[in-house]
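Peer 1: For reference, this is model_5.cif, and it has mmCIF, C-alpha atoms and all ligand atoms.
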data_start
#
loop_
_atom_site.group_PDB
_atom_site.id
_atom_site.type_symbol
_atom_site.label_atom_id
_atom_site.label_comp_id
_atom_site.auth_asym_id
_atom_site.auth_seq_id
_atom_site.Cartn_x
_atom_site.Cartn_y
_atom_site.Cartn_z
ATOM 1 C CA MET A 22 -22.665 34.437 -84.981
ATOM 2 C CA LYS A 23 -23.127 30.751 -85.761
ATOM 3 C CA PRO A 24 -23.931 28.551 -82.723
ATOM 4 C CA SER A 25 -20.698 26.633 -83.394
ATOM 5 C CA GLN A 26 -18.688 29.875 -82.983
ATOM 6 C CA ARG A 27 -20.239 30.703 -79.603
ATOM 7 C CA LYS A 28 -17.915 30.363 -76.617
ATOM 8 C CA ILE A 29 -18.489 27.280 -74.469
ATOM 9 C CA LYS A 30 -20.035 28.294 -71.142
ATOM 10 C CA LEU A 31 -19.454 26.216 -68.025
ATOM 11 C CA LEU A 32 -21.200 26.532 -64.668
ATOM 12 C CA VAL A 33 -19.219 26.303 -61.430
ATOM 13 C CA VAL A 34 -21.355 25.249 -58.455
ATOM 14 C CA HIS A 35 -20.121 25.660 -54.896
ATOM 15 C CA GLY A 36 -21.986 23.873 -52.111
ATOM 16 C CA PRO A 37 -22.662 24.749 -48.477
ATOM 17 C CA ASN A 38 -20.197 26.601 -46.250
ATOM 18 C CA LEU A 39 -17.610 27.083 -48.986
ATOM 19 C CA GLN A 40 -18.140 30.836 -48.578
ATOM 20 C CA LEU A 41 -16.236 30.377 -45.279
ATOM 21 C CA LEU A 42 -13.059 29.174 -46.964
ATOM 22 C CA GLY A 43 -9.907 30.915 -45.831
ATOM 23 C CA ARG A 44 -11.534 32.201 -42.647
ATOM 24 C CA ARG A 45 -12.112 28.970 -40.665
ATOM 25 C CA GLU A 46 -10.767 25.385 -40.789
ATOM 26 C CA VAL A 47 -7.570 26.695 -42.427
ATOM 27 C CA SER A 48 -5.637 23.586 -41.337
ATOM 28 C CA VAL A 49 -8.011 21.385 -43.380
ATOM 29 C CA TYR A 50 -8.932 23.532 -46.394
ATOM 30 C CA GLY A 51 -6.078 26.048 -46.616
ATOM 31 C CA LYS A 52 -5.906 29.818 -46.635
ATOM 32 C CA SER A 53 -7.481 30.442 -50.037
ATOM 33 C CA THR A 54 -10.888 32.077 -50.127
ATOM 34 C CA LEU A 55 -13.702 31.230 -52.530
ATOM 35 C CA LYS A 56 -12.901 34.492 -54.299
ATOM 36 C CA ASP A 57 -9.296 33.306 -54.826
ATOM 37 C CA ILE A 58 -10.572 30.033 -56.294
ATOM 38 C CA ASN A 59 -12.992 31.832 -58.604
ATOM 39 C CA THR A 60 -10.169 34.127 -59.740
ATOM 40 C CA ASP A 61 -8.048 31.044 -60.591
ATOM 41 C CA LEU A 62 -10.963 29.652 -62.572
ATOM 42 C CA VAL A 63 -11.542 32.841 -64.562
ATOM 43 C CA ARG A 64 -7.848 32.827 -65.514
ATOM 44 C CA GLU A 65 -7.897 29.122 -66.402
ATOM 45 C CA ALA A 66 -11.115 29.571 -68.388
ATOM 46 C CA ALA A 67 -9.470 32.285 -70.486
ATOM 47 C CA ALA A 68 -6.559 29.945 -71.223
ATOM 48 C CA LEU A 69 -9.016 27.203 -72.206
ATOM 49 C CA ASN A 70 -11.114 29.614 -74.269
ATOM 50 C CA VAL A 71 -14.296 28.920 -72.287
ATOM 51 C CA GLU A 72 -16.514 31.116 -70.122
ATOM 52 C CA VAL A 73 -17.396 30.414 -66.502
ATOM 53 C CA ASP A 74 -20.241 31.530 -64.264
ATOM 54 C CA PHE A 75 -20.377 30.894 -60.533
ATOM 55 C CA PHE A 76 -23.130 29.855 -58.163
ATOM 56 C CA GLN A 77 -22.795 29.235 -54.418
ATOM 57 C CA SER A 78 -25.573 28.211 -52.073
ATOM 58 C CA ASN A 79 -25.993 26.725 -48.640
ATOM 59 C CA HIS A 80 -29.434 25.403 -49.607
ATOM 60 C CA GLU A 81 -29.967 22.025 -51.230
ATOM 61 C CA GLY A 82 -33.118 23.111 -53.106
ATOM 62 C CA GLU A 83 -31.375 26.149 -54.605
ATOM 63 C CA LEU A 84 -28.530 23.940 -55.827
ATOM 64 C CA VAL A 85 -31.052 21.492 -57.314
ATOM 65 C CA ASP A 86 -32.911 24.353 -59.065
ATOM 66 C CA LYS A 87 -29.707 25.797 -60.525
ATOM 67 C CA ILE A 88 -28.495 22.419 -61.814
ATOM 68 C CA GLY A 89 -31.985 21.733 -63.166
ATOM 69 C CA THR A 90 -31.954 24.790 -65.432
ATOM 70 C CA ALA A 91 -28.229 24.702 -66.297
ATOM 71 C CA ALA A 92 -28.752 23.000 -69.663
ATOM 72 C CA ASP A 93 -30.488 26.183 -70.932
ATOM 73 C CA ALA A 94 -27.218 28.115 -70.794
ATOM 74 C CA TYR A 95 -24.258 25.839 -70.108
ATOM 75 C CA ALA A 96 -22.382 22.956 -71.713
ATOM 76 C CA GLY A 97 -21.089 21.434 -68.468
ATOM 77 C CA ILE A 98 -20.928 21.700 -64.682
ATOM 78 C CA LEU A 99 -17.958 21.824 -62.320
ATOM 79 C CA ILE A 100 -19.263 21.105 -58.835
ATOM 80 C CA ASN A 101 -18.056 20.872 -55.269
ATOM 81 C CA PRO A 102 -21.223 19.719 -53.523
ATOM 82 C CA ALA A 103 -19.354 20.037 -50.181
ATOM 83 C CA ALA A 104 -21.231 18.213 -47.361
ATOM 84 C CA TYR A 105 -24.106 17.387 -49.738
ATOM 85 C CA THR A 106 -21.647 15.086 -51.530
ATOM 86 C CA HIS A 107 -22.278 12.561 -48.792
ATOM 87 C CA THR A 108 -26.015 13.009 -48.268
ATOM 88 C CA SER A 109 -27.882 14.393 -51.258
ATOM 89 C CA ILE A 110 -29.834 12.068 -53.505
ATOM 90 C CA ALA A 111 -31.598 15.223 -54.755
ATOM 91 C CA ILE A 112 -28.370 16.739 -56.117
ATOM 92 C CA ARG A 113 -27.335 13.387 -57.594
ATOM 93 C CA ASP A 114 -30.710 13.129 -59.355
ATOM 94 C CA ALA A 115 -30.453 16.746 -60.576
ATOM 95 C CA LEU A 116 -26.999 16.030 -62.045
ATOM 96 C CA LEU A 117 -28.271 12.895 -63.749
ATOM 97 C CA GLY A 118 -31.424 14.657 -64.932
ATOM 98 C CA CYS A 119 -29.827 17.774 -66.389
ATOM 99 C CA GLY A 120 -28.069 15.773 -69.100
ATOM 100 C CA LEU A 121 -24.862 17.816 -68.869
ATOM 101 C CA PRO A 122 -21.418 16.375 -68.226
ATOM 102 C CA ALA A 123 -20.259 17.236 -64.719
ATOM 103 C CA VAL A 124 -16.951 16.978 -62.891
ATOM 104 C CA GLU A 125 -16.901 16.769 -59.090
ATOM 105 C CA VAL A 126 -14.076 18.427 -57.197
ATOM 106 C CA HIS A 127 -12.947 18.447 -53.584
ATOM 107 C CA LEU A 128 -10.253 20.460 -51.906
ATOM 108 C CA SER A 129 -9.394 17.654 -49.516
ATOM 109 C CA ASN A 130 -8.811 13.967 -50.192
ATOM 110 C CA ILE A 131 -12.171 12.800 -48.861
ATOM 111 C CA TYR A 132 -10.927 9.170 -48.828
ATOM 112 C CA GLN A 133 -8.229 10.009 -46.266
ATOM 113 C CA ARG A 134 -10.704 11.607 -43.888
ATOM 114 C CA GLU A 135 -13.563 10.432 -41.637
ATOM 115 C CA GLU A 136 -15.391 7.351 -42.915
ATOM 116 C CA PHE A 137 -18.631 9.268 -43.535
ATOM 117 C CA ARG A 138 -16.782 11.338 -46.171
ATOM 118 C CA HIS A 139 -15.569 8.272 -48.093
ATOM 119 C CA LYS A 140 -18.900 7.818 -49.829
ATOM 120 C CA SER A 141 -19.919 10.291 -52.517
ATOM 121 C CA LEU A 142 -23.547 10.021 -53.615
ATOM 122 C CA THR A 143 -22.947 12.616 -56.313
ATOM 123 C CA ALA A 144 -19.770 11.274 -57.975
ATOM 124 C CA PRO A 145 -21.592 8.464 -59.846
ATOM 125 C CA ALA A 146 -23.652 11.188 -61.548
ATOM 126 C CA CYS A 147 -20.431 12.884 -62.720
ATOM 127 C CA ARG A 148 -18.001 11.985 -65.480
ATOM 128 C CA ALA A 149 -14.989 12.367 -63.180
ATOM 129 C CA GLN A 150 -13.870 13.345 -59.700
ATOM 130 C CA ILE A 151 -10.763 15.208 -58.542
ATOM 131 C CA ALA A 152 -9.932 15.389 -54.846
ATOM 132 C CA GLY A 153 -7.033 16.323 -52.638
ATOM 133 C CA PHE A 154 -5.198 18.996 -54.628
ATOM 134 C CA GLY A 155 -6.498 21.854 -52.493
ATOM 135 C CA ARG A 156 -7.365 24.934 -54.508
ATOM 136 C CA ASP A 157 -5.810 23.323 -57.619
ATOM 137 C CA SER A 158 -8.544 20.641 -57.683
ATOM 138 C CA TYR A 159 -10.820 23.247 -59.266
ATOM 139 C CA ARG A 160 -8.366 24.279 -61.978
ATOM 140 C CA LEU A 161 -7.629 20.644 -62.843
ATOM 141 C CA GLY A 162 -11.350 19.871 -62.816
ATOM 142 C CA LEU A 163 -12.095 22.740 -65.193
ATOM 143 C CA THR A 164 -9.408 21.567 -67.612
ATOM 144 C CA GLY A 165 -10.897 18.071 -67.584
ATOM 145 C CA LEU A 166 -14.438 19.350 -68.010
ATOM 146 C CA ALA A 167 -13.476 21.533 -70.992
ATOM 147 C CA ARG A 168 -11.850 18.483 -72.571
ATOM 148 C CA ILE A 169 -14.965 16.345 -71.996
ATOM 149 C CA VAL A 170 -17.264 19.037 -73.417
ATOM 150 C CA ARG A 171 -15.105 19.414 -76.527
ATOM 151 C CA GLN A 172 -14.865 15.674 -77.153
ATOM 152 C CA PRO A 173 -16.857 14.783 -80.252
ATOM 153 C CA ALA A 174 -19.763 12.449 -79.501
ATOM 154 C CA SER A 175 -18.621 8.896 -80.064
ATOM 155 C CA PRO A 176 -19.797 7.575 -83.421
ATOM 156 C CA VAL A 177 -22.761 5.229 -83.287
ATOM 157 C CA ARG A 178 -21.522 1.791 -84.171
ATOM 158 C CA LYS A 179 -23.147 0.335 -87.230
ATOM 159 C CA LYS A 180 -24.948 -2.904 -86.573
ATOM 160 C CA ARG A 181 -23.296 -5.838 -88.310
ATOM 161 C CA ARG A 182 -25.533 -7.576 -90.792
ATOM 162 C CA LYS A 183 -26.109 -11.224 -90.077
ATOM 163 C CA ILE A 184 -24.741 -13.342 -92.870
HETATM 164 O O1 LIG B 1 -12.847 18.824 -49.511
HETATM 165 C C1 LIG B 1 -13.851 19.372 -49.950
HETATM 166 O O2 LIG B 1 -13.835 20.157 -50.898
HETATM 167 C C2 LIG B 1 -15.198 19.115 -49.266
HETATM 168 O O3 LIG B 1 -16.195 19.104 -50.286
HETATM 169 C C3 LIG B 1 -15.423 20.292 -48.332
HETATM 170 C C4 LIG B 1 -16.709 20.140 -47.516
HETATM 171 C C5 LIG B 1 -16.752 18.782 -46.813
HETATM 172 O O4 LIG B 1 -17.994 18.622 -46.162
HETATM 173 C C6 LIG B 1 -16.564 17.636 -47.788
HETATM 174 O O5 LIG B 1 -16.545 16.426 -47.068
HETATM 175 C C7 LIG B 1 -15.250 17.797 -48.531
HETATM 176 C C8 LIG B 1 -16.787 21.263 -46.472
HETATM 177 C C9 LIG B 1 -16.894 22.618 -47.101
HETATM 178 C C10 LIG B 1 -17.026 23.651 -46.013
HETATM 179 O O6 LIG B 1 -15.782 24.288 -45.844
HETATM 180 C C11 LIG B 1 -15.584 25.029 -44.728
HETATM 181 C C12 LIG B 1 -14.587 25.964 -44.793
HETATM 182 C C13 LIG B 1 -14.312 26.723 -43.704
HETATM 183 C C14 LIG B 1 -15.040 26.548 -42.527
HETATM 184 C C15 LIG B 1 -16.036 25.602 -42.458
HETATM 185 C C16 LIG B 1 -16.304 24.837 -43.565
#
Would you encode the structure as structure tokens?
Peer 2:
Amino acid sequence: MKPSQRKIKLLVVHGPNLQLLGRREVSVYGKSTLKDINTDLVREAAALNVEVDFFQSNHEGELVDKIGTAADAYAGILINPAAYTHTSIAIRDALLGCGLPAVEVHLSNIYQREEFRHKSLTAPACRAQIAGFGRDSYRLGLTGLARIVRQPASPVRKKRRKI
């Protein structure tokens, strides 16, 4: 199989405490579990003709390691850094360093919540951010990421000759 015929693979990264979804804080994050969200993403990936793998960790270093090696196997990253969104320079640097396009997603609208959630350290390292659509943020984020990954690299502009 030619490399160009290989299916695009995208990595979905879930940050700390997201494994608790659907069991606690239901009034804020809804009833859906992480498994439900991953199931949505597998279905959406099939419709988009891409593959998805999942990684969840409560540990900053593990998230950094996974992002750091992602370019070996994946064409892009969909990430909910959860609380690390607001604190982690390490994850921001890993996203910038891995060279892959990333899309940040949040279940809640972080800008409507406590002030400390208004600042995302990781979003500037991502091509886009989607927040506030609940479980659908992930599906919408995956669609956007697939579009970004498929976009042809913009042509290098030819320098004009001085006349
Ligand atoms: O809205 C989001 O997706 C967040 O990334 C969720 C994070 C929060 O720290 C961010 O500010 C916004 C929290 C994820 C942990 O979710 C829990 C679910 C159930 C029980 C406890 C935490």
Peer 1: Need to verify the contact set: stretch 141-146 of chain A, 12 Å, only C-alpha atoms, exclusion of same-chain residues closer than 4 positions in sequence. Can you return it as a PyMOL selection string?
Peer 2: chain A and resi 98-127+130-132+136-137+150-152
Peer 1: Between A:Val34, A:Asp61, A:Tyr50, A:Glu135, which has the minimum distance to A:Leu161 (counting all atoms listed in the file)?
Peer 2: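 The closest residue to A:Leu161 is A:Asp61.
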Peer 1: Looking at only C-alpha atoms and all ligand atoms, which of A:Arg45, A:Arg160, A:Arg27, A:His35 is the one that sits closest to ligand LIG 1 (chain B)?
Peer 2: A:Arg45
Peer 1: With distances taken over all atoms listed in the file, which of A:Ile29, A:Ala68, A:Val73, A:Val49 is nearest to ligand LIG 1 (chain B)?
Peer 2: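 The answer is A:Val49, which sits nearest to ligand LIG 1 (chain B).
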Peer 1: Using 5 Å of padding on each side, determine the axis-aligned box around all atoms of stretch 116-134 of chain A present in the file and give its centre and edge lengths in Å to one decimal, as lines of an AutoDock Vina configuration file.
Peer 2:
center_x = -19.8
center_y = 14.8
center_z = -56.5
size_x = 33.2
size_y = 21.3
size_z = 35.2
Peer 1: Counting only C-alpha atoms, figure out which residue out of A:Ser78, A:Ser48, A:Ala66, A:Arg134 gets nearest to A:Leu166.
Peer 2: A:Ala66
Peer 1: Selected by the PyMOL selection byres (((chain A and resi 156) around 8) and not hetatm) in the shown coordinates: which residues, as a list in words?
Peer 2: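 Checking the PyMOL selection byres (((chain A and resi 156) around 8) and not hetatm) against this file, the residues are Ser53, Ile58, Leu128, Phe154, Gly155, Asp157, Ser158, Tyr159 and Arg160 of chain A.
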Peer 1: Which of these residues is nearest to ligand LIG 1 (chain B), using all atoms listed in the file: A:Lys56, A:Ala94, A:Ala174, A:Glu46?
Peer 2: A:Glu46
Peer 1: Atom CA of A:Ala167 and atom C13 of ligand LIG 1 (chain B) are how many Å apart?
Peer 2: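 Pair atom CA of A:Ala167 / atom C13 of ligand LIG 1 (chain B) returns 27.8 Å.
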Peer 1: Excluding same-chain residues fewer than 4 positions from A:Gly43, what lies within 7 Å of it counting only C-alpha atoms, as a list in words?
Peer 2: Val47, Gly51, Lys52, Ser53 and Thr54 of chain A
Peer 1: Using only C-alpha atoms, which residue out of A:Gly153, A:Gly82, A:Leu39, A:Arg64 lies closest to A:Gln133?
Peer 2: A:Gly153
Peer 1: If the PyMOL selection byres (((chain A and resi 30) around 7) and not hetatm) is run on the structure shown, which residues does it catch, given as a PyMOL selection string?
Peer 2: chain A and resi 28-29+31-32+71-73+95-96
Peer 1: By how many Å are atom O3 of ligand LIG 1 (chain B) and atom CA of A:Asp57 apart?
Peer 2: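 Between atom O3 of ligand LIG 1 (chain B) and atom CA of A:Asp57 the gap is 16.4 Å.
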Peer 1: Start from the incomplete input, build all heavy atoms for stretch 141-152 of chain A, and deliver everything as a PDB file, in the frame of the given file.
Peer 2:
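New file rebuild_37.pdb:
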ATOM      1  N   SER A 141     -19.321   9.169 -51.792  1.00  0.00           N
ATOM      2  CA  SER A 141     -19.919  10.291 -52.517  1.00  0.00           C
ATOM      3  C   SER A 141     -21.162   9.779 -53.246  1.00  0.00           C
ATOM      4  O   SER A 141     -21.073   8.884 -54.085  1.00  0.00           O
ATOM      5  CB  SER A 141     -18.929  10.869 -53.538  1.00  0.00           C
ATOM      6  OG  SER A 141     -19.608  11.793 -54.379  1.00  0.00           O
ATOM      7  N   LEU A 142     -22.303  10.375 -52.909  1.00  0.00           N
ATOM      8  CA  LEU A 142     -23.547  10.021 -53.615  1.00  0.00           C
ATOM      9  C   LEU A 142     -23.601  10.711 -54.970  1.00  0.00           C
ATOM     10  O   LEU A 142     -24.323  10.272 -55.860  1.00  0.00           O
ATOM     11  CB  LEU A 142     -24.773  10.437 -52.791  1.00  0.00           C
ATOM     12  CG  LEU A 142     -24.995   9.732 -51.461  1.00  0.00           C
ATOM     13  CD1 LEU A 142     -26.329  10.149 -50.848  1.00  0.00           C
ATOM     14  CD2 LEU A 142     -24.978   8.218 -51.638  1.00  0.00           C
ATOM     15  N   THR A 143     -22.863  11.800 -55.101  1.00  0.00           N
ATOM     16  CA  THR A 143     -22.947  12.616 -56.313  1.00  0.00           C
ATOM     17  C   THR A 143     -21.931  12.192 -57.397  1.00  0.00           C
ATOM     18  O   THR A 143     -22.196  12.377 -58.583  1.00  0.00           O
ATOM     19  CB  THR A 143     -22.748  14.101 -55.952  1.00  0.00           C
ATOM     20  OG1 THR A 143     -21.641  14.214 -55.043  1.00  0.00           O
ATOM     21  CG2 THR A 143     -24.006  14.668 -55.302  1.00  0.00           C
ATOM     22  N   ALA A 144     -20.808  11.627 -56.990  1.00  0.00           N
ATOM     23  CA  ALA A 144     -19.770  11.274 -57.975  1.00  0.00           C
ATOM     24  C   ALA A 144     -20.266  10.323 -59.070  1.00  0.00           C
ATOM     25  O   ALA A 144     -19.881  10.487 -60.239  1.00  0.00           O
ATOM     26  CB  ALA A 144     -18.538  10.699 -57.277  1.00  0.00           C
ATOM     27  N   PRO A 145     -21.131   9.343 -58.752  1.00  0.00           N
ATOM     28  CA  PRO A 145     -21.592   8.464 -59.846  1.00  0.00           C
ATOM     29  C   PRO A 145     -22.430   9.196 -60.896  1.00  0.00           C
ATOM     30  O   PRO A 145     -22.619   8.678 -61.992  1.00  0.00           O
ATOM     31  CB  PRO A 145     -22.435   7.403 -59.109  1.00  0.00           C
ATOM     32  CG  PRO A 145     -21.944   7.422 -57.705  1.00  0.00           C
ATOM     33  CD  PRO A 145     -21.573   8.854 -57.432  1.00  0.00           C
ATOM     34  N   ALA A 146     -22.899  10.393 -60.564  1.00  0.00           N
ATOM     35  CA  ALA A 146     -23.652  11.188 -61.548  1.00  0.00           C
ATOM     36  C   ALA A 146     -22.722  12.109 -62.344  1.00  0.00           C
ATOM     37  O   ALA A 146     -23.182  12.915 -63.157  1.00  0.00           O
ATOM     38  CB  ALA A 146     -24.732  12.005 -60.841  1.00  0.00           C
ATOM     39  N   CYS A 147     -21.421  12.011 -62.062  1.00  0.00           N
ATOM     40  CA  CYS A 147     -20.431  12.884 -62.720  1.00  0.00           C
ATOM     41  C   CYS A 147     -19.521  12.046 -63.615  1.00  0.00           C
ATOM     42  O   CYS A 147     -19.359  10.853 -63.409  1.00  0.00           O
ATOM     43  CB  CYS A 147     -19.573  13.592 -61.672  1.00  0.00           C
ATOM     44  SG  CYS A 147     -20.528  14.719 -60.647  1.00  0.00           S
ATOM     45  N   ARG A 148     -18.916  12.708 -64.583  1.00  0.00           N
ATOM     46  CA  ARG A 148     -18.001  11.985 -65.480  1.00  0.00           C
ATOM     47  C   ARG A 148     -16.655  11.709 -64.809  1.00  0.00           C
ATOM     48  O   ARG A 148     -15.957  10.768 -65.168  1.00  0.00           O
ATOM     49  CB  ARG A 148     -17.782  12.809 -66.752  1.00  0.00           C
ATOM     50  CG  ARG A 148     -19.043  12.961 -67.598  1.00  0.00           C
ATOM     51  CD  ARG A 148     -19.275  11.727 -68.457  1.00  0.00           C
ATOM     52  NE  ARG A 148     -18.259  11.629 -69.492  1.00  0.00           N
ATOM     53  CZ  ARG A 148     -18.348  12.207 -70.692  1.00  0.00           C
ATOM     54  NH1 ARG A 148     -19.426  12.889 -71.013  1.00  0.00           N
ATOM     55  NH2 ARG A 148     -17.385  12.089 -71.561  1.00  0.00           N
ATOM     56  N   ALA A 149     -16.281  12.552 -63.842  1.00  0.00           N
ATOM     57  CA  ALA A 149     -14.989  12.367 -63.180  1.00  0.00           C
ATOM     58  C   ALA A 149     -14.998  13.066 -61.836  1.00  0.00           C
ATOM     59  O   ALA A 149     -15.859  13.921 -61.568  1.00  0.00           O
ATOM     60  CB  ALA A 149     -13.870  12.926 -64.062  1.00  0.00           C
ATOM     61  N   GLN A 150     -14.014  12.694 -61.005  1.00  0.00           N
ATOM     62  CA  GLN A 150     -13.870  13.345 -59.700  1.00  0.00           C
ATOM     63  C   GLN A 150     -12.394  13.650 -59.467  1.00  0.00           C
ATOM     64  O   GLN A 150     -11.528  12.831 -59.804  1.00  0.00           O
ATOM     65  CB  GLN A 150     -14.357  12.400 -58.602  1.00  0.00           C
ATOM     66  CG  GLN A 150     -14.354  13.016 -57.222  1.00  0.00           C
ATOM     67  CD  GLN A 150     -14.411  11.959 -56.132  1.00  0.00           C
ATOM     68  OE1 GLN A 150     -13.565  11.075 -56.063  1.00  0.00           O
ATOM     69  NE2 GLN A 150     -15.424  12.044 -55.291  1.00  0.00           N
ATOM     70  N   ILE A 151     -12.139  14.835 -58.906  1.00  0.00           N
ATOM     71  CA  ILE A 151     -10.763  15.208 -58.542  1.00  0.00           C
ATOM     72  C   ILE A 151     -10.796  15.664 -57.093  1.00  0.00           C
ATOM     73  O   ILE A 151     -11.606  16.521 -56.718  1.00  0.00           O
ATOM     74  CB  ILE A 151     -10.237  16.333 -59.458  1.00  0.00           C
ATOM     75  CG1 ILE A 151     -10.096  15.787 -60.872  1.00  0.00           C
ATOM     76  CG2 ILE A 151      -8.890  16.871 -58.949  1.00  0.00           C
ATOM     77  CD1 ILE A 151      -9.545  16.727 -61.894  1.00  0.00           C
ATOM     78  N   ALA A 152      -9.914  15.070 -56.277  1.00  0.00           N
ATOM     79  CA  ALA A 152      -9.932  15.389 -54.846  1.00  0.00           C
ATOM     80  C   ALA A 152      -8.515  15.430 -54.308  1.00  0.00           C
ATOM     81  O   ALA A 152      -7.667  14.625 -54.722  1.00  0.00           O
ATOM     82  CB  ALA A 152     -10.741  14.336 -54.085  1.00  0.00           C
TER      83      ALA A 152
END
